[in-house]
>>> print(open('work.cif').read())   # mmCIF, C-alpha atoms
data_work
#
loop_
_atom_site.label_atom_id
_atom_site.label_comp_id
_atom_site.auth_asym_id
_atom_site.auth_seq_id
_atom_site.Cartn_x
_atom_site.Cartn_y
_atom_site.Cartn_z
CA MET C 1 -13.27 23.09 6.22
CA ILE C 2 -10.98 20.20 5.21
CA LYS C 3 -10.98 19.33 1.51
CA THR C 4 -9.07 16.92 -0.73
CA THR C 5 -6.86 18.34 -3.48
CA ARG C 6 -8.36 16.28 -6.32
CA ASP C 7 -11.32 14.03 -7.11
CA PHE C 8 -9.42 10.78 -7.71
CA PHE C 9 -6.63 8.84 -6.05
CA LEU C 10 -4.49 5.94 -7.26
CA ASP C 11 -4.57 3.34 -4.50
CA ILE C 12 -1.60 0.99 -4.97
CA ASP C 13 -0.32 -1.85 -2.83
CA HIS C 14 0.99 -5.40 -2.96
CA TYR C 15 1.18 -8.61 -0.95
CA GLN C 16 3.81 -11.30 -0.97
CA TYR C 17 4.79 -14.72 0.38
CA CYS C 18 8.23 -16.31 0.06
CA LYS C 19 8.83 -19.69 -1.51
CA ASN C 20 8.61 -22.47 1.07
CA LYS C 21 11.71 -22.63 3.33
CA GLN C 22 13.05 -19.35 1.95
CA PHE C 23 13.37 -16.26 4.11
CA VAL C 24 14.07 -13.79 1.30
CA ALA C 25 11.70 -13.36 -1.62
CA GLY C 26 13.02 -13.68 -5.16
CA ASP C 27 10.22 -11.33 -6.26
CA VAL C 28 10.63 -7.60 -5.63
CA PHE C 29 7.88 -4.97 -5.70
CA LEU C 30 8.98 -1.32 -5.73
CA MET C 31 6.86 1.80 -6.09
CA GLN C 32 7.64 5.48 -6.25
CA LYS C 33 5.62 8.67 -6.45
CA ILE C 34 7.07 11.64 -8.35
CA ARG C 35 5.27 14.31 -6.37
CA GLU C 36 5.99 17.30 -8.54
CA GLU C 37 4.31 15.44 -11.43
CA ASN C 38 1.71 13.59 -9.33
CA ARG C 39 2.89 10.45 -11.09
CA VAL C 40 3.21 6.89 -9.74
CA ILE C 41 5.53 4.14 -10.96
CA ALA C 42 5.39 0.53 -9.75
CA VAL C 43 7.57 -2.42 -10.74
CA LEU C 44 7.12 -6.12 -10.04
CA SER C 45 10.26 -8.08 -10.87
CA ASP C 46 10.79 -11.85 -10.56
CA GLY C 47 14.45 -12.83 -10.28
CA LEU C 48 15.85 -16.03 -11.74
CA GLY C 49 15.65 -18.86 -9.21
CA SER C 50 14.82 -18.09 -5.58
CA GLY C 51 16.29 -16.75 -2.38
CA VAL C 52 19.03 -14.15 -2.06
CA LYS C 53 20.40 -14.50 -5.61
CA ALA C 54 16.98 -14.00 -7.16
CA ASN C 55 16.29 -11.09 -4.83
CA VAL C 56 19.49 -9.33 -5.94
CA LEU C 57 18.59 -9.78 -9.62
CA ALA C 58 15.01 -8.60 -9.08
CA THR C 59 16.07 -5.61 -6.94
CA LEU C 60 18.58 -4.53 -9.57
CA THR C 61 15.94 -4.84 -12.30
CA ALA C 62 13.23 -2.97 -10.38
CA THR C 63 15.59 -0.19 -9.30
CA MET C 64 16.86 0.40 -12.84
CA ALA C 65 13.33 0.30 -14.24
CA ILE C 66 12.08 2.99 -11.87
CA LYS C 67 15.11 5.18 -12.51
CA TYR C 68 14.82 5.03 -16.30
CA ILE C 69 11.03 5.21 -16.56
CA SER C 70 10.84 8.14 -14.11
CA ASN C 71 12.98 10.11 -16.56
CA TYR C 72 10.71 9.17 -19.47
CA ALA C 73 13.40 6.98 -21.01
CA ASP C 74 12.50 5.13 -24.20
CA VAL C 75 10.82 1.76 -23.56
CA ARG C 76 13.30 -0.05 -25.80
CA GLU C 77 16.27 1.65 -24.15
CA THR C 78 15.01 0.77 -20.67
CA ALA C 79 14.54 -2.92 -21.56
CA GLU C 80 17.94 -3.20 -23.26
CA VAL C 81 19.80 -1.56 -20.36
CA ILE C 82 18.17 -4.00 -17.93
CA MET C 83 19.04 -7.01 -20.12
CA ASP C 84 22.63 -5.81 -20.65
CA THR C 85 23.24 -5.20 -16.96
CA LEU C 86 22.07 -8.49 -15.47
CA PRO C 87 24.62 -11.34 -15.24
CA VAL C 88 24.16 -14.55 -17.26
CA CYS C 89 23.28 -17.81 -15.48
CA LYS C 90 26.00 -20.32 -16.46
CA VAL C 91 23.60 -23.28 -16.28
CA ARG C 92 20.53 -21.94 -18.11
CA MET C 93 22.31 -19.19 -20.07
CA ILE C 94 19.56 -16.76 -19.04
CA SER C 95 20.49 -13.21 -18.05
CA TYR C 96 17.27 -11.67 -16.97
CA SER C 97 14.59 -11.36 -14.34
CA THR C 98 11.06 -10.83 -15.58
CA PHE C 99 9.30 -7.54 -14.93
CA THR C 100 6.07 -5.57 -15.16
CA ILE C 101 6.44 -1.79 -15.10
CA VAL C 102 3.34 0.38 -14.56
CA ASP C 103 3.57 4.16 -14.96
CA VAL C 104 0.45 6.28 -14.27
CA ASN C 105 0.48 10.05 -14.69
CA SER C 106 -1.54 12.84 -13.09
CA ILE C 107 -4.55 12.45 -15.40
CA GLY C 108 -4.78 8.66 -15.05
CA HIS C 109 -2.99 7.72 -18.29
CA ALA C 110 -1.19 4.39 -17.81
CA ARG C 111 1.86 3.05 -19.66
CA ILE C 112 2.77 -0.60 -19.00
CA ILE C 113 5.88 -2.53 -20.07
CA GLU C 114 5.90 -6.33 -19.65
CA HIS C 115 8.55 -8.97 -19.97
CA GLY C 116 8.13 -12.57 -18.86
CA ASN C 117 5.57 -12.11 -16.08
CA PRO C 118 1.95 -13.26 -16.48
CA GLU C 119 0.01 -10.62 -18.43
CA TYR C 120 -1.46 -7.85 -16.33
CA VAL C 121 -5.25 -7.59 -16.02
CA LEU C 122 -7.36 -4.45 -16.45
CA LEU C 123 -10.69 -4.82 -14.65
CA ARG C 124 -13.49 -2.39 -15.49
CA ASP C 125 -17.21 -2.55 -14.65
CA GLY C 126 -16.99 -6.11 -13.37
CA GLU C 127 -15.10 -7.68 -16.25
CA PRO C 128 -11.60 -7.89 -17.76
CA VAL C 129 -10.85 -5.45 -20.57
CA SER C 130 -8.63 -6.34 -23.51
CA VAL C 131 -5.89 -3.77 -24.17
CA PRO C 132 -3.97 -3.59 -27.49
CA LYS C 133 -0.28 -4.36 -26.99
CA THR C 134 2.73 -3.47 -29.13
CA PRO C 135 5.72 -5.86 -29.32
CA ILE C 136 9.07 -4.13 -28.75
CA HIS C 137 11.93 -5.63 -30.78
CA LEU C 138 15.34 -5.42 -29.11
CA GLU C 139 18.35 -5.37 -31.41
CA ARG C 140 20.67 -7.21 -29.03
CA TRP C 141 18.08 -9.57 -27.53
CA HIS C 142 16.10 -11.17 -30.36
CA ASP C 143 14.91 -14.04 -28.13
CA ARG C 144 13.33 -11.75 -25.52
CA GLU C 145 9.75 -10.57 -25.82
CA VAL C 146 8.89 -7.14 -24.43
CA VAL C 147 5.45 -5.63 -24.96
CA PHE C 148 4.15 -2.13 -24.40
CA SER C 149 0.61 -0.88 -23.87
CA GLU C 150 -1.09 2.33 -22.79
CA PHE C 151 -4.62 3.38 -21.91
CA ASP C 152 -6.63 5.85 -19.84
CA LEU C 153 -7.84 4.65 -16.47
CA HIS C 154 -11.45 5.30 -15.45
CA ILE C 155 -12.70 5.77 -11.90
CA GLY C 156 -13.26 2.26 -10.52
CA ASP C 157 -10.65 0.58 -12.74
CA ARG C 158 -8.21 -1.87 -11.24
CA VAL C 159 -4.93 -3.15 -12.67
CA LEU C 160 -3.76 -6.53 -11.36
CA PHE C 161 -0.24 -7.79 -11.97
CA PHE C 162 1.40 -10.80 -10.38
CA SER C 163 4.32 -13.20 -10.57
CA ASP C 164 4.00 -16.76 -11.86
CA GLY C 165 3.93 -17.94 -8.27
CA VAL C 166 0.28 -16.87 -8.39
CA SER C 167 -0.76 -18.20 -11.81
CA GLN C 168 1.17 -21.47 -11.36
CA ALA C 169 0.07 -22.12 -7.77
CA GLY C 170 -0.94 -25.75 -7.21
CA MET C 171 0.64 -26.95 -10.46
CA GLY C 172 0.64 -30.74 -10.62
CA ARG C 173 -2.27 -31.22 -8.23
CA PRO C 174 -5.26 -33.16 -9.66
CA ASP C 175 -7.53 -30.11 -9.40
CA TYR C 176 -4.84 -27.72 -10.73
CA PRO C 177 -2.78 -29.74 -13.24
CA ILE C 178 -1.40 -26.61 -14.93
CA GLY C 179 -1.73 -24.32 -11.93
CA TRP C 180 -4.37 -21.86 -10.76
CA GLY C 181 -4.14 -20.05 -14.10
CA ARG C 182 -4.64 -16.44 -15.08
CA ARG C 183 -8.28 -16.95 -16.06
CA ARG C 184 -9.24 -18.40 -12.69
CA VAL C 185 -7.28 -15.70 -10.86
CA ILE C 186 -9.39 -13.11 -12.70
CA GLU C 187 -12.63 -14.95 -11.94
CA GLN C 188 -11.79 -15.11 -8.24
CA ALA C 189 -10.76 -11.45 -8.08
CA LEU C 190 -14.04 -10.40 -9.72
CA LYS C 191 -15.96 -12.47 -7.16
CA TRP C 192 -14.29 -10.67 -4.27
CA ILE C 193 -14.92 -7.30 -5.91
CA SER C 194 -18.62 -8.16 -6.43
CA TRP C 195 -18.89 -9.03 -2.74
CA GLN C 196 -17.04 -5.87 -1.62
CA ASP C 197 -17.16 -3.26 -4.35
CA GLY C 198 -14.79 -0.86 -2.60
CA ILE C 199 -12.19 -3.44 -1.57
CA SER C 200 -8.82 -1.72 -1.29
CA SER C 201 -5.72 -2.65 -3.27
CA ARG C 202 -4.05 -3.93 -0.11
CA GLN C 203 -6.98 -6.19 0.76
CA LEU C 204 -7.42 -7.52 -2.79
CA ALA C 205 -3.69 -8.20 -3.23
CA MET C 206 -3.68 -9.97 0.15
CA LYS C 207 -6.64 -12.16 -0.79
CA ILE C 208 -5.09 -13.18 -4.12
CA ALA C 209 -1.70 -13.97 -2.57
CA LEU C 210 -3.26 -15.88 0.32
CA ARG C 211 -5.47 -17.89 -2.05
CA ALA C 212 -2.42 -18.84 -4.13
CA ARG C 213 -0.65 -19.94 -0.97
CA GLN C 214 -3.68 -22.01 0.05
CA ILE C 215 -3.74 -23.69 -3.36
CA ASP C 216 -0.07 -24.57 -2.81
CA ALA C 217 -1.11 -26.28 0.46
CA TYR C 218 0.61 -23.46 2.42
CA GLU C 219 4.00 -24.57 1.06
CA PRO C 220 4.54 -22.28 -1.97
CA LYS C 221 6.66 -23.83 -4.72
CA ASP C 222 7.66 -20.31 -5.83
CA ASP C 223 7.54 -16.77 -4.49
CA ILE C 224 4.00 -15.40 -4.57
CA SER C 225 3.55 -11.69 -5.31
CA CYS C 226 0.54 -9.67 -6.34
CA GLY C 227 0.28 -5.94 -7.00
CA VAL C 228 -2.96 -4.00 -7.44
CA MET C 229 -3.67 -0.46 -8.64
CA TYR C 230 -7.14 0.97 -8.07
CA LEU C 231 -8.28 4.39 -9.31
CA ARG C 232 -10.96 5.60 -6.94
CA HIS C 233 -12.44 8.64 -5.26
CA PRO C 234 -10.14 9.43 -2.30
CA ARG C 235 -10.86 7.74 1.01
CA THR C 236 -10.29 10.45 3.57
CA LEU C 237 -9.28 10.07 7.19
CA LEU C 238 -9.07 12.64 9.97
CA VAL C 239 -6.68 11.89 12.86
CA LEU C 240 -6.90 14.14 15.93
CA THR C 241 -4.20 13.86 18.56
CA GLY C 242 -3.45 16.14 21.47
CA PRO C 243 -5.46 18.99 22.99
CA PRO C 244 -5.27 22.44 21.33
CA PHE C 245 -2.74 24.93 22.68
CA SER C 246 -5.56 27.13 23.95
CA GLU C 247 -8.82 25.97 25.45
CA SER C 248 -10.57 28.55 23.26
CA LYS C 249 -9.80 26.21 20.33
CA ASP C 250 -11.71 23.25 21.82
CA ALA C 251 -14.93 24.14 19.99
CA GLU C 252 -13.01 24.44 16.70
CA LEU C 253 -11.62 20.94 17.22
CA ALA C 254 -15.13 19.58 17.78
CA ASN C 255 -16.42 21.38 14.68
CA LEU C 256 -13.78 19.60 12.58
CA VAL C 257 -15.24 16.30 13.76
CA ARG C 258 -18.81 17.44 13.15
CA SER C 259 -18.15 18.60 9.57
CA PHE C 260 -15.73 15.90 8.34
CA THR C 261 -17.23 13.39 5.88
CA GLY C 262 -14.60 10.61 6.00
CA ARG C 263 -13.39 8.28 8.75
CA ILE C 264 -12.29 9.81 12.05
CA VAL C 265 -9.75 8.62 14.62
CA ILE C 266 -8.88 10.26 17.93
CA CYS C 267 -5.55 9.45 19.59
CA GLY C 268 -5.39 10.55 23.20
CA GLY C 269 -7.72 10.44 26.17
CA THR C 270 -7.69 14.20 26.76
CA THR C 271 -8.44 14.90 23.09
CA ALA C 272 -11.34 12.42 23.14
CA SER C 273 -12.70 14.00 26.34
CA ILE C 274 -12.67 17.45 24.74
CA VAL C 275 -14.55 16.22 21.66
CA GLY C 276 -16.99 14.24 23.80
CA ARG C 277 -17.68 17.24 26.01
CA GLU C 278 -18.11 19.70 23.13
CA LEU C 279 -20.38 17.36 21.14
CA ASP C 280 -22.15 15.92 24.19
CA ARG C 281 -21.20 12.35 23.30
CA GLU C 282 -20.41 9.52 25.68
CA ILE C 283 -17.11 7.62 25.59
CA LYS C 284 -17.11 3.88 26.32
CA MET C 285 -13.96 1.82 26.75
CA ASP C 286 -13.68 -1.42 24.72
CA LEU C 287 -12.54 -4.20 27.09
CA GLU C 288 -12.88 -7.08 24.63
CA ASN C 289 -9.42 -6.97 22.98
CA LEU C 290 -7.12 -6.25 25.90
CA ASP C 291 -3.39 -6.22 25.22
CA PRO C 292 -0.62 -6.07 27.86
CA GLU C 293 1.46 -3.67 25.70
CA ILE C 294 -1.12 -1.34 24.15
CA PRO C 295 -3.86 0.51 26.08
CA PRO C 296 -7.40 -0.46 25.02
CA SER C 297 -9.41 1.52 22.52
CA SER C 298 -12.67 3.34 23.22
CA GLU C 299 -15.87 4.09 21.36
CA MET C 300 -17.88 7.24 20.66
CA GLU C 301 -20.78 7.94 18.34
CA GLY C 302 -19.50 9.15 14.96
CA ILE C 303 -15.87 8.17 15.66
CA ASP C 304 -14.31 5.12 14.00
CA LEU C 305 -11.60 4.58 16.62
CA ILE C 306 -10.37 6.17 19.85
CA THR C 307 -6.95 5.17 21.18
CA GLU C 308 -4.47 6.27 23.78
CA GLY C 309 -2.02 8.84 22.43
CA THR C 310 1.76 8.68 22.36
CA LEU C 311 2.34 5.02 23.15
CA THR C 312 -0.14 3.82 20.52
CA LEU C 313 1.17 6.21 17.86
CA SER C 314 4.72 5.06 18.55
CA LYS C 315 3.68 1.45 17.96
CA VAL C 316 1.89 2.44 14.73
CA SER C 317 5.08 4.17 13.57
CA GLU C 318 7.04 0.98 14.26
CA ILE C 319 4.54 -1.17 12.32
CA LEU C 320 4.69 1.15 9.30
CA GLU C 321 8.48 1.46 9.38
CA ARG C 322 9.00 -2.31 9.50
CA GLY C 323 6.43 -2.94 6.78
CA GLN C 324 4.56 -5.34 9.05
CA LYS C 325 1.13 -6.69 8.14
CA PRO C 326 -1.22 -5.43 10.88
CA GLU C 327 -3.97 -7.90 9.91
CA LEU C 328 -1.60 -10.76 10.80
CA MET C 329 -0.63 -9.27 14.18
CA ARG C 330 -2.38 -9.44 17.52
CA SER C 331 -5.52 -7.30 17.38
CA ASN C 332 -5.18 -4.14 19.46
CA ALA C 333 -5.62 -0.37 19.11
CA ALA C 334 -2.27 0.07 17.30
CA THR C 335 -2.82 -2.64 14.67
CA THR C 336 -6.38 -1.40 14.09
CA LEU C 337 -5.14 2.16 13.58
CA ALA C 338 -2.36 0.96 11.25
CA SER C 339 -4.94 -0.90 9.13
CA ILE C 340 -7.17 2.18 8.95
CA LEU C 341 -4.22 4.33 7.83
CA LEU C 342 -3.19 1.83 5.14
CA ASP C 343 -6.74 1.59 3.81
CA SER C 344 -7.07 5.39 3.56
CA ASP C 345 -5.82 7.63 0.75
CA VAL C 346 -5.79 11.22 1.95
CA ILE C 347 -5.03 11.60 5.66
CA PHE C 348 -5.42 14.82 7.65
CA PHE C 349 -3.55 15.04 10.97
CA VAL C 350 -4.69 17.73 13.38
CA VAL C 351 -2.12 17.94 16.17
CA GLY C 352 -2.77 19.78 19.39
CA THR C 353 0.25 21.72 20.66
CA ARG C 354 -0.53 21.83 24.35
CA VAL C 355 2.48 20.18 26.01
CA ASN C 356 1.66 17.12 28.10
CA GLU C 357 3.66 17.44 31.32
CA ALA C 358 3.56 13.65 31.73
CA HIS C 359 5.75 13.25 28.65
CA GLN C 360 8.02 16.29 28.65
CA ASP C 361 9.35 19.17 30.68
CA PRO C 362 7.03 22.04 29.70
CA ASN C 363 9.99 24.45 29.77
CA LEU C 364 11.59 22.73 26.74
CA PRO C 365 10.95 24.11 23.22
CA VAL C 366 7.67 22.96 21.68
CA GLU C 367 9.59 21.46 18.69
CA LEU C 368 10.78 18.71 21.01
CA ASP C 369 7.23 17.64 21.78
CA ILE C 370 7.08 13.87 21.49
CA ARG C 371 3.63 13.81 19.91
CA ARG C 372 4.63 16.20 17.14
CA ASN C 373 7.75 14.21 16.27
CA ILE C 374 5.87 10.91 16.12
CA VAL C 375 3.22 12.40 13.80
CA LYS C 376 5.95 13.84 11.55
CA LYS C 377 7.55 10.40 11.32
CA ILE C 378 4.24 8.67 10.57
CA THR C 379 3.35 11.18 7.83
CA LEU C 380 6.79 10.76 6.25
CA LEU C 381 6.39 6.97 6.22
CA LEU C 382 2.87 7.20 4.77
CA GLU C 383 4.06 9.59 2.04
CA GLU C 384 7.34 7.94 1.08
CA LYS C 385 6.74 4.24 1.73
CA TYR C 386 3.00 3.86 1.14
CA LEU C 387 2.38 6.73 -1.35
CA LYS C 388 -0.41 8.28 0.68
CA GLU C 389 -1.31 11.97 0.62
CA THR C 390 -1.01 13.55 4.07
CA HIS C 391 -1.71 16.98 5.51
CA LYS C 392 -0.67 18.27 8.94
CA ARG C 393 -2.23 21.08 10.89
CA PHE C 394 -1.10 22.23 14.32
CA ILE C 395 -3.70 23.79 16.55
#
>>> encode(input="work.cif", output="C-alpha cells")
Amino acid sequence: MIKTTRDFFLDIDHYQYCKNKQFVAGDVFLMQKIREENRVIAVLSDGLGSGVKANVLATLTATMAIKYISNYADVRETAEVIMDTLPVCKVRMISYSTFTIVDVNSIGHARIIEHGNPEYVLLRDGEPVSVPKTPIHLERWHDREVVFSEFDLHIGDRVLFFSDGVSQAGMGRPDYPIGWGRRRVIEQALKWISWQDGISSRQLAMKIALRARQIDAYEPKDDISCGVMYLRHPRTLLVLTGPPFSESKDAELANLVRSFTGRIVICGGTTASIVGRELDREIKMDLENLDPEIPPSSEMEGIDLITEGTLTLSKVSEILERGQKPELMRSNAATTLASILLDSDVIFFVVGTRVNEAHQDPNLPVELDIRRNIVKKITLLLEEKYLKETHKRFI
C-alpha cells in the first residue's frame, strides 16, 4: 500500500514574463525547502530598473533573504543587511530592490516580510482575508517601510504575491488609467478559483501573469511576476516505468495500479503491456498528437497517461532541468507528462529493474541502467527545483 506522509502539502510556484525587449527579468523568484524542518521559504524580489542590472540586484536580495530567514534571523536584522549590502543608484539615490519573503513551517504557520512590492493577498473561502501587519522601524533606513505579519494557514488557503508589473499592467490606457490594480487582480483570481476550485499554484500564477501581459497589449512595460502558495491535501501521482526484475512480480505491479487512489502514469510499452495483461485492460494508441521526436502516447482504462519509456523520460528530464513551460511547448507525451508532474505534490516512482537489452549490455552492473539514472535525475529535480515530495521504489 502506498501512502502519503502527511495530510497537507504546500503547493508553491510562480510565473513570469520579462519587460518588453528584455531577455533577462529584473524580478527574481527563489524558493527553498528545508527538509529536516519541513519548512518552505519563497522570495519575490524586484530589482531597481530592468534587465541585467535589476536581475543582479534582485538575485542578491533574494539570496540573502533566504539565507538569513532560513536561520531564523531577526526580521529587522535581515532587512537592514539587505539594505546595507545593495549599491546606491547615483541618479535616483535608491539602494534597494523590493521584496516579499514568505516563510511557512511544518504546521502551516506563515511569516511574511514585505518591502515595496504590492501587498500580498490571503484568499480563504472565496474571499480576501485581512491580516494585521506590524511596521518594522529600521535605525539606519528611516525612509524605508518594512512590514511583518504572521498567521496560520488553513487547508484551501492561497497566498498571492506579485511584482508591480502585475498591479500596474495597462497603466495609462483608457480602461486602466492607474493600472490593473490589486483589487481587480484579486477579483479575477477569485473568479478563476470559483471556476476551478482545485486550480494549482502553477496554473493560477500563469493565468495572472498572462492576463497582466494581455492588459499590457503583449508588450509589458515592466517585468511581470506572480507567486502563489496553496495549502491543500496532497495530489498524489504514481509513475510506473520498466518491467519488474522477476515475472513473479508482475501481479504485484498490477495491484499497485488497482489500489492507488491518485493519478497514474505508465512509461514504457512493456510495462503497460504487463499491467494491461494482469488487469485485462485494452491499450489504444493515441494518433492525434503525433510528434517526429517523441513517440505517441497510449490510453488504458484507469490510467491517466501511457508513454514510451527512456526517450520520453529523458525529454521530461530536459524540460524540468531547463525550467521550460510545458504548456507553451508542442503538445506531445513528454510535455503532457511534465505538466502532470508539475501539477502533482507527492510522486511515487516504481522502477522495474529488468535490464532492457535494447538500451544496455545486460552484463553491465544494474546501477548503470539508463532508466534508473533518468528517474534519479528527475526525482532530484522535482525535489530540489520544484519542492515536490518524491518516493522511489525498485521492483
>>> atom_distance(input="work.cif", atom1="atom CA of Phe161 of chain C", atom2="atom CA of Ile107 of chain C")
21.0 Å
>>> residues_around(input="work.cif", residues="Glu384 of chain C", least_positions_apart="2", cutoff="12 Å", atoms="only C-alpha atoms", output="PyMOL selection string")
chain C and resi 30-35+40+320-321+377-382+386-390
>>> resolve_selection(input="work.cif", expression="the PyMOL selection byres ((chain C and resi 20) around 6)", output="PDB file with C-alpha atoms, in the frame of the given file")
ATOM      1  CA  LYS C  19       8.830 -19.690  -1.510  1.00  0.00           C
ATOM      2  CA  LYS C  21      11.710 -22.630   3.330  1.00  0.00           C
ATOM      3  CA  GLN C  22      13.050 -19.350   1.950  1.00  0.00           C
ATOM      4  CA  GLU C 219       4.000 -24.570   1.060  1.00  0.00           C
ATOM      5  CA  PRO C 220       4.540 -22.280  -1.970  1.00  0.00           C
TER       6      PRO C 220
END
>>> residues_around(input="work.cif", residues="segment 305-315 of chain C", least_positions_apart="5", cutoff="9 Å", atoms="only C-alpha atoms", output="VMD selection string")
chain C and resid 241 to 242 263 to 272 283 285 294 to 300 320 333 to 337 359 370 to 371 374 to 375 378
>>> residues_around(input="work.cif", residues="Ala212 of chain C", least_positions_apart="5", cutoff="9 Å", atoms="all atoms listed in the file", output="list in words")
Gly165, Val166, Ser167, Gln168, Ala169, Gly170, Trp180, Val185, Lys207, Ala217, Tyr218, Pro220 and Ile224 of chain C
>>> write_last_selection(input="work.cif", atoms="C-alpha atoms", output="mmCIF file, in the frame of the given file")
data_model
loop_
_atom_site.group_PDB
_atom_site.id
_atom_site.type_symbol
_atom_site.label_atom_id
_atom_site.label_comp_id
_atom_site.auth_asym_id
_atom_site.auth_seq_id
_atom_site.Cartn_x
_atom_site.Cartn_y
_atom_site.Cartn_z
ATOM 1 C CA GLY C 165 3.930 -17.940 -8.270
ATOM 2 C CA VAL C 166 0.280 -16.870 -8.390
ATOM 3 C CA SER C 167 -0.760 -18.200 -11.810
ATOM 4 C CA GLN C 168 1.170 -21.470 -11.360
ATOM 5 C CA ALA C 169 0.070 -22.120 -7.770
ATOM 6 C CA GLY C 170 -0.940 -25.750 -7.210
ATOM 7 C CA TRP C 180 -4.370 -21.860 -10.760
ATOM 8 C CA VAL C 185 -7.280 -15.700 -10.860
ATOM 9 C CA LYS C 207 -6.640 -12.160 -0.790
ATOM 10 C CA ALA C 217 -1.110 -26.280 0.460
ATOM 11 C CA TYR C 218 0.610 -23.460 2.420
ATOM 12 C CA PRO C 220 4.540 -22.280 -1.970
ATOM 13 C CA ILE C 224 4.000 -15.400 -4.570
#
>>> closest_residue(input="work.cif", among="C:Ile66, C:Leu123, C:Leu60, C:Val350", to="Phe245 of chain C", atoms="only C-alpha atoms")
C:Val350
>>> atom_distance(input="work.cif", atom1="atom CA of Glu37 of chain C", atom2="atom CA of Gly156 of chain C")
22.0 Å
>>> resolve_selection(input="work.cif", expression="the PyMOL selection byres ((chain C and resi 80) around 12)", output="PDB file with C-alpha atoms, in the frame of the given file")
ATOM      1  CA  THR C  61      15.940  -4.840 -12.300  1.00  0.00           C
ATOM      2  CA  MET C  64      16.860   0.400 -12.840  1.00  0.00           C
ATOM      3  CA  ALA C  65      13.330   0.300 -14.240  1.00  0.00           C
ATOM      4  CA  TYR C  68      14.820   5.030 -16.300  1.00  0.00           C
ATOM      5  CA  ALA C  73      13.400   6.980 -21.010  1.00  0.00           C
ATOM      6  CA  ASP C  74      12.500   5.130 -24.200  1.00  0.00           C
ATOM      7  CA  VAL C  75      10.820   1.760 -23.560  1.00  0.00           C
ATOM      8  CA  ARG C  76      13.300  -0.050 -25.800  1.00  0.00           C
ATOM      9  CA  GLU C  77      16.270   1.650 -24.150  1.00  0.00           C
ATOM     10  CA  THR C  78      15.010   0.770 -20.670  1.00  0.00           C
ATOM     11  CA  ALA C  79      14.540  -2.920 -21.560  1.00  0.00           C
ATOM     12  CA  VAL C  81      19.800  -1.560 -20.360  1.00  0.00           C
ATOM     13  CA  ILE C  82      18.170  -4.000 -17.930  1.00  0.00           C
ATOM     14  CA  MET C  83      19.040  -7.010 -20.120  1.00  0.00           C
ATOM     15  CA  ASP C  84      22.630  -5.810 -20.650  1.00  0.00           C
ATOM     16  CA  THR C  85      23.240  -5.200 -16.960  1.00  0.00           C
ATOM     17  CA  LEU C  86      22.070  -8.490 -15.470  1.00  0.00           C
ATOM     18  CA  SER C  95      20.490 -13.210 -18.050  1.00  0.00           C
ATOM     19  CA  TYR C  96      17.270 -11.670 -16.970  1.00  0.00           C
ATOM     20  CA  HIS C 115       8.550  -8.970 -19.970  1.00  0.00           C
ATOM     21  CA  ILE C 136       9.070  -4.130 -28.750  1.00  0.00           C
ATOM     22  CA  HIS C 137      11.930  -5.630 -30.780  1.00  0.00           C
ATOM     23  CA  LEU C 138      15.340  -5.420 -29.110  1.00  0.00           C
ATOM     24  CA  GLU C 139      18.350  -5.370 -31.410  1.00  0.00           C
ATOM     25  CA  ARG C 140      20.670  -7.210 -29.030  1.00  0.00           C
ATOM     26  CA  TRP C 141      18.080  -9.570 -27.530  1.00  0.00           C
ATOM     27  CA  HIS C 142      16.100 -11.170 -30.360  1.00  0.00           C
ATOM     28  CA  ARG C 144      13.330 -11.750 -25.520  1.00  0.00           C
ATOM     29  CA  GLU C 145       9.750 -10.570 -25.820  1.00  0.00           C
ATOM     30  CA  VAL C 146       8.890  -7.140 -24.430  1.00  0.00           C
TER      31      VAL C 146
END
>>> atom_distance(input="work.cif", atom1="atom CA of Ala42 of chain C", atom2="atom CA of Trp195 of chain C")
27.0 Å
>>> closest_residue(input="work.cif", among="C:Pro118, C:Ile199, C:Gly108, C:Asp223", to="Ala54 of chain C", atoms="all atoms listed in the file")
C:Asp223
